[in-house]
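Printed here is entry-v9.cif (mmCIF, C-alpha atoms; chains and numbers go by the auth columns):
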data_query
loop_
_atom_site.group_PDB
_atom_site.id
_atom_site.type_symbol
_atom_site.label_atom_id
_atom_site.label_comp_id
_atom_site.label_asym_id
_atom_site.label_seq_id
_atom_site.Cartn_x
_atom_site.Cartn_y
_atom_site.Cartn_z
_atom_site.B_iso_or_equiv
_atom_site.auth_seq_id
_atom_site.auth_asym_id
ATOM 1 C CA MET A 1 -32.994 -0.845 62.185 0.00 915 W
ATOM 2 C CA ASN A 2 -32.767 2.890 62.692 0.00 916 W
ATOM 3 C CA PRO A 3 -34.662 4.614 65.527 0.00 917 W
ATOM 4 C CA GLN A 4 -37.255 6.143 63.204 0.00 918 W
ATOM 5 C CA ASN A 5 -38.294 2.769 61.761 0.00 919 W
ATOM 6 C CA ALA A 6 -38.285 1.267 65.231 0.00 920 W
ATOM 7 C CA GLN A 7 -40.664 3.974 66.409 0.00 921 W
ATOM 8 C CA TRP A 8 -43.091 3.256 63.553 0.00 922 W
ATOM 9 C CA LEU A 9 -42.981 -0.456 64.378 0.00 923 W
ATOM 10 C CA LEU A 10 -43.547 0.199 68.077 0.00 924 W
ATOM 11 C CA LEU A 11 -46.515 2.453 67.329 0.00 925 W
ATOM 12 C CA VAL A 12 -48.113 -0.216 65.154 0.00 926 W
ATOM 13 C CA LEU A 13 -47.543 -2.974 67.728 0.00 927 W
ATOM 14 C CA VAL A 14 -48.692 -0.948 70.732 0.00 928 W
ATOM 15 C CA ASN A 15 -51.919 -0.001 68.968 0.00 929 W
ATOM 16 C CA ILE A 16 -53.086 -3.574 68.255 0.00 930 W
ATOM 17 C CA PRO A 17 -55.655 -3.487 71.109 0.00 931 W
ATOM 18 C CA VAL A 18 -56.897 -0.146 69.789 0.00 932 W
ATOM 19 C CA TYR A 19 -57.300 -1.658 66.307 0.00 933 W
ATOM 20 C CA LEU A 20 -59.314 -4.532 67.764 0.00 934 W
ATOM 21 C CA GLY A 21 -61.555 -2.143 69.710 0.00 935 W
ATOM 22 C CA LEU A 22 -62.044 0.067 66.681 0.00 936 W
ATOM 23 C CA GLY A 23 -62.886 -3.007 64.629 0.00 937 W
ATOM 24 C CA ARG A 24 -65.483 -4.067 67.187 0.00 938 W
ATOM 25 C CA ILE A 25 -67.080 -0.608 67.004 0.00 939 W
ATOM 26 C CA ILE A 26 -67.144 -0.515 63.206 0.00 940 W
ATOM 27 C CA PHE A 27 -67.882 -4.168 62.324 0.00 941 W
ATOM 28 C CA SER A 28 -69.566 -5.345 65.587 0.00 942 W
ATOM 29 C CA ASP A 29 -68.293 -8.926 65.063 0.00 943 W
ATOM 30 C CA TRP A 30 -65.926 -11.009 62.961 0.00 944 W
ATOM 31 C CA ASP A 31 -68.688 -11.886 60.482 0.00 945 W
ATOM 32 C CA GLY A 32 -69.077 -8.216 59.593 0.00 946 W
ATOM 33 C CA PHE A 33 -65.335 -7.937 59.027 0.00 947 W
ATOM 34 C CA ILE A 34 -65.245 -11.078 56.868 0.00 948 W
ATOM 35 C CA GLU A 35 -68.196 -9.790 54.821 0.00 949 W
ATOM 36 C CA ALA A 36 -66.452 -6.449 54.216 0.00 950 W
ATOM 37 C CA LEU A 37 -63.238 -8.263 53.301 0.00 951 W
ATOM 38 C CA ARG A 38 -65.144 -10.580 50.941 0.00 952 W
ATOM 39 C CA LEU A 39 -66.675 -7.586 49.203 0.00 953 W
ATOM 40 C CA TRP A 40 -63.309 -5.929 48.617 0.00 954 W
ATOM 41 C CA THR A 41 -61.524 -9.117 47.497 0.00 955 W
ATOM 42 C CA SER A 42 -64.135 -10.582 45.142 0.00 956 W
ATOM 43 C CA ALA A 43 -63.054 -11.163 41.544 0.00 957 W
ATOM 44 C CA ASP A 44 -65.515 -8.674 40.105 0.00 958 W
ATOM 45 C CA TRP A 45 -65.088 -6.221 42.963 0.00 959 W
ATOM 46 C CA TRP A 46 -65.840 -3.027 41.061 0.00 960 W
ATOM 47 C CA LEU A 47 -69.301 -4.137 39.893 0.00 961 W
ATOM 48 C CA THR A 48 -70.038 -5.663 43.278 0.00 962 W
ATOM 49 C CA LEU A 49 -68.916 -2.450 44.928 0.00 963 W
ATOM 50 C CA GLU A 50 -71.187 -0.360 42.710 0.00 964 W
ATOM 51 C CA LYS A 51 -74.173 -2.617 43.402 0.00 965 W
ATOM 52 C CA GLN A 52 -73.511 -2.778 47.147 0.00 966 W
ATOM 53 C CA TRP A 53 -72.854 0.962 47.331 0.00 967 W
ATOM 54 C CA GLN A 54 -76.305 1.648 45.938 0.00 968 W
ATOM 55 C CA LEU A 55 -77.927 -0.754 48.407 0.00 969 W
ATOM 56 C CA ASP A 56 -76.062 -0.006 51.622 0.00 970 W
ATOM 57 C CA ARG A 57 -73.422 2.694 51.673 0.00 971 W
ATOM 58 C CA TRP A 58 -72.178 2.174 55.234 0.00 972 W
ATOM 59 C CA SER A 59 -71.616 -1.581 54.838 0.00 973 W
ATOM 60 C CA THR A 60 -69.602 -0.939 51.701 0.00 974 W
ATOM 61 C CA ALA A 61 -67.491 1.786 53.303 0.00 975 W
ATOM 62 C CA LYS A 62 -66.649 -0.026 56.558 0.00 976 W
ATOM 63 C CA LEU A 63 -63.350 -1.564 55.487 0.00 977 W
ATOM 64 C CA PRO A 64 -61.819 1.605 53.961 0.00 978 W
ATOM 65 C CA VAL A 65 -62.959 3.637 56.977 0.00 979 W
ATOM 66 C CA PHE A 66 -61.341 1.103 59.328 0.00 980 W
ATOM 67 C CA VAL A 67 -58.031 1.060 57.422 0.00 981 W
ATOM 68 C CA LEU A 68 -57.968 4.848 57.164 0.00 982 W
ATOM 69 C CA ALA A 69 -58.682 5.237 60.880 0.00 983 W
ATOM 70 C CA CYS A 70 -55.894 2.802 61.838 0.00 984 W
ATOM 71 C CA VAL A 71 -53.355 4.522 59.589 0.00 985 W
ATOM 72 C CA ALA A 72 -54.431 7.977 60.778 0.00 986 W
ATOM 73 C CA LEU A 73 -54.043 6.885 64.403 0.00 987 W
ATOM 74 C CA VAL A 74 -50.433 5.802 63.902 0.00 988 W
ATOM 75 C CA VAL A 75 -49.561 8.906 61.877 0.00 989 W
ATOM 76 C CA LEU A 76 -51.080 11.233 64.486 0.00 990 W
ATOM 77 C CA GLU A 77 -49.232 9.475 67.293 0.00 991 W
ATOM 78 C CA HIS A 78 -46.007 9.757 65.325 0.00 992 W
ATOM 79 C CA LEU A 79 -46.580 13.476 64.851 0.00 993 W
ATOM 80 C CA MET A 80 -47.310 13.888 68.570 0.00 994 W
ATOM 81 C CA PHE A 81 -44.491 11.753 69.986 0.00 995 W
ATOM 82 C CA GLY A 82 -41.980 11.501 67.134 0.00 996 W
ATOM 83 C CA LYS A 83 -40.149 14.724 67.909 0.00 997 W
ATOM 84 C CA GLY A 84 -38.981 13.676 71.354 0.00 998 W
ATOM 85 C CA LYS A 85 -35.734 12.101 72.459 0.00 999 W
ATOM 86 C CA ALA A 86 -37.449 8.955 73.767 0.00 1000 W
ATOM 87 C CA VAL A 87 -37.331 7.123 70.433 0.00 1001 W
ATOM 88 C CA ARG A 88 -33.889 5.578 70.785 0.00 1002 W
ATOM 89 C CA PRO A 89 -34.242 4.323 74.391 0.00 1003 W
ATOM 90 C CA ALA A 90 -37.688 2.847 73.631 0.00 1004 W
ATOM 91 C CA ALA A 91 -36.316 1.018 70.607 0.00 1005 W
ATOM 92 C CA GLN A 92 -33.341 -0.256 72.612 0.00 1006 W
ATOM 93 C CA LEU A 93 -35.647 -1.416 75.374 0.00 1007 W
ATOM 94 C CA VAL A 94 -37.452 -3.877 73.108 0.00 1008 W
ATOM 95 C CA GLY A 95 -34.261 -4.888 71.303 0.00 1009 W
ATOM 96 C CA LEU A 96 -34.922 -3.270 67.939 0.00 1010 W
ATOM 97 C CA LEU A 97 -31.591 -1.444 67.884 0.00 1011 W
#
Written form, structure tokens:
Amino acid sequence: MNPQNAQWLLLVLVNIPVYLGLGRIIFSDWDGFIEALRLWTSADWWLTLEKQWQLDRWSTAKLPVFVLACVALVVLEHLMFGKGKAVRPAAQLVGLL
């Protein structure tokens, strides 16, 4: 694994507690997360999405907002810390290289 891929993997793994905290803020509990996941994985998801969107816009948008926030967090951290020389030693430290 090259140092760049190792850095992406480290950023994703280090941010797991942040993802859980962000999920608690957005969904408030696991039932809210399961409900949002059920909405997006139902067989007739487009019609369900349209109906739910008209009824409650925030509940429908929770899952995409959560995924976008998690991806944006990792990308921003990569842009902030990815230019340094610490990528290779950090990857060697956890045995990825």
Quick check, in Å to one decimal: how far apart do CA of Gly937 (chain W) and CA of Pro978 (chain W) lie?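 Distance reported for this atom pair: 11.7 Å.
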Written as a ChimeraX atom specification, which residues does the PyMOL selection byres ((chain W and resi 951) around 12) give for the file shown? /W:941,944-950,952-956,959,963,973-978,980-981
Of the candidates W:Leu982, W:Val988, W:Leu961, W:Leu936, which shows the shortest atom-to-atom distance to Leu924 (chain W), using only C-alpha atoms?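 Among the listed residues, the smallest separation from Leu924 (chain W) belongs to W:Val988.
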Please measure the separation of CA of Val985 (chain W) and CA of Gln966 (chain W), giving the value in Å to one decimal.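 Interatomic distance here is 24.8 Å.
Across the model, the gap from CA of Trp960 (chain W) to CA of Val979 (chain W) is 17.5 Å.
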Generate N, CA and C atoms for region 952-975 of chain W and emit them as a PDB file, in the coordinates of the input.
ATOM      1  N   ARG W 952     -64.680  -9.824  52.114  1.00  0.00           N
ATOM      2  CA  ARG W 952     -65.144 -10.580  50.941  1.00  0.00           C
ATOM      3  C   ARG W 952     -65.564  -9.627  49.830  1.00  0.00           C
ATOM      4  N   LEU W 953     -66.232  -8.561  50.194  1.00  0.00           N
ATOM      5  CA  LEU W 953     -66.675  -7.586  49.203  1.00  0.00           C
ATOM      6  C   LEU W 953     -65.485  -6.965  48.477  1.00  0.00           C
ATOM      7  N   TRP W 954     -64.453  -6.608  49.224  1.00  0.00           N
ATOM      8  CA  TRP W 954     -63.309  -5.929  48.617  1.00  0.00           C
ATOM      9  C   TRP W 954     -62.341  -6.866  47.914  1.00  0.00           C
ATOM     10  N   THR W 955     -62.452  -8.192  48.149  1.00  0.00           N
ATOM     11  CA  THR W 955     -61.524  -9.117  47.497  1.00  0.00           C
ATOM     12  C   THR W 955     -62.196  -9.997  46.457  1.00  0.00           C
ATOM     13  N   SER W 956     -63.467  -9.761  46.148  1.00  0.00           N
ATOM     14  CA  SER W 956     -64.135 -10.582  45.142  1.00  0.00           C
ATOM     15  C   SER W 956     -63.535 -10.307  43.768  1.00  0.00           C
ATOM     16  N   ALA W 957     -63.673 -11.269  42.864  1.00  0.00           N
ATOM     17  CA  ALA W 957     -63.054 -11.163  41.544  1.00  0.00           C
ATOM     18  C   ALA W 957     -63.608  -9.981  40.747  1.00  0.00           C
ATOM     19  N   ASP W 958     -64.889  -9.765  40.835  1.00  0.00           N
ATOM     20  CA  ASP W 958     -65.515  -8.674  40.105  1.00  0.00           C
ATOM     21  C   ASP W 958     -65.859  -7.565  41.096  1.00  0.00           C
ATOM     22  N   TRP W 959     -64.862  -7.094  41.822  1.00  0.00           N
ATOM     23  CA  TRP W 959     -65.088  -6.221  42.963  1.00  0.00           C
ATOM     24  C   TRP W 959     -65.666  -4.871  42.577  1.00  0.00           C
ATOM     25  N   TRP W 960     -65.340  -4.349  41.405  1.00  0.00           N
ATOM     26  CA  TRP W 960     -65.840  -3.027  41.061  1.00  0.00           C
ATOM     27  C   TRP W 960     -67.352  -3.044  40.846  1.00  0.00           C
ATOM     28  N   LEU W 961     -67.861  -4.045  40.111  1.00  0.00           N
ATOM     29  CA  LEU W 961     -69.301  -4.137  39.893  1.00  0.00           C
ATOM     30  C   LEU W 961     -70.030  -4.465  41.191  1.00  0.00           C
ATOM     31  N   THR W 962     -69.437  -5.347  41.982  1.00  0.00           N
ATOM     32  CA  THR W 962     -70.038  -5.663  43.278  1.00  0.00           C
ATOM     33  C   THR W 962     -70.065  -4.434  44.162  1.00  0.00           C
ATOM     34  N   LEU W 963     -68.991  -3.675  44.135  1.00  0.00           N
ATOM     35  CA  LEU W 963     -68.916  -2.450  44.928  1.00  0.00           C
ATOM     36  C   LEU W 963     -69.986  -1.451  44.497  1.00  0.00           C
ATOM     37  N   GLU W 964     -70.155  -1.286  43.196  1.00  0.00           N
ATOM     38  CA  GLU W 964     -71.187  -0.360  42.710  1.00  0.00           C
ATOM     39  C   GLU W 964     -72.577  -0.804  43.144  1.00  0.00           C
ATOM     40  N   LYS W 965     -72.859  -2.106  43.027  1.00  0.00           N
ATOM     41  CA  LYS W 965     -74.173  -2.617  43.402  1.00  0.00           C
ATOM     42  C   LYS W 965     -74.397  -2.483  44.911  1.00  0.00           C
ATOM     43  N   GLN W 966     -73.397  -2.872  45.697  1.00  0.00           N
ATOM     44  CA  GLN W 966     -73.511  -2.778  47.147  1.00  0.00           C
ATOM     45  C   GLN W 966     -73.602  -1.322  47.602  1.00  0.00           C
ATOM     46  N   TRP W 967     -72.850  -0.442  46.935  1.00  0.00           N
ATOM     47  CA  TRP W 967     -72.854   0.962  47.331  1.00  0.00           C
ATOM     48  C   TRP W 967     -74.244   1.555  47.178  1.00  0.00           C
ATOM     49  N   GLN W 968     -74.955   1.142  46.137  1.00  0.00           N
ATOM     50  CA  GLN W 968     -76.305   1.648  45.938  1.00  0.00           C
ATOM     51  C   GLN W 968     -77.249   1.105  46.997  1.00  0.00           C
ATOM     52  N   LEU W 969     -77.029  -0.136  47.443  1.00  0.00           N
ATOM     53  CA  LEU W 969     -77.927  -0.754  48.407  1.00  0.00           C
ATOM     54  C   LEU W 969     -77.654  -0.284  49.839  1.00  0.00           C
ATOM     55  N   ASP W 970     -76.397  -0.337  50.240  1.00  0.00           N
ATOM     56  CA  ASP W 970     -76.062  -0.006  51.622  1.00  0.00           C
ATOM     57  C   ASP W 970     -74.688   0.651  51.668  1.00  0.00           C
ATOM     58  N   ARG W 971     -74.681   1.940  51.757  1.00  0.00           N
ATOM     59  CA  ARG W 971     -73.422   2.694  51.673  1.00  0.00           C
ATOM     60  C   ARG W 971     -72.497   2.449  52.862  1.00  0.00           C
ATOM     61  N   TRP W 972     -73.032   2.346  54.061  1.00  0.00           N
ATOM     62  CA  TRP W 972     -72.178   2.174  55.234  1.00  0.00           C
ATOM     63  C   TRP W 972     -71.502   0.799  55.224  1.00  0.00           C
ATOM     64  N   SER W 973     -72.219  -0.250  54.874  1.00  0.00           N
ATOM     65  CA  SER W 973     -71.616  -1.581  54.838  1.00  0.00           C
ATOM     66  C   SER W 973     -70.488  -1.650  53.824  1.00  0.00           C
ATOM     67  N   THR W 974     -70.635  -0.937  52.727  1.00  0.00           N
ATOM     68  CA  THR W 974     -69.602  -0.939  51.701  1.00  0.00           C
ATOM     69  C   THR W 974     -68.380  -0.133  52.143  1.00  0.00           C
ATOM     70  N   ALA W 975     -68.585   0.895  52.925  1.00  0.00           N
ATOM     71  CA  ALA W 975     -67.491   1.786  53.303  1.00  0.00           C
ATOM     72  C   ALA W 975     -66.787   1.390  54.597  1.00  0.00           C
TER      73      ALA W 975
END
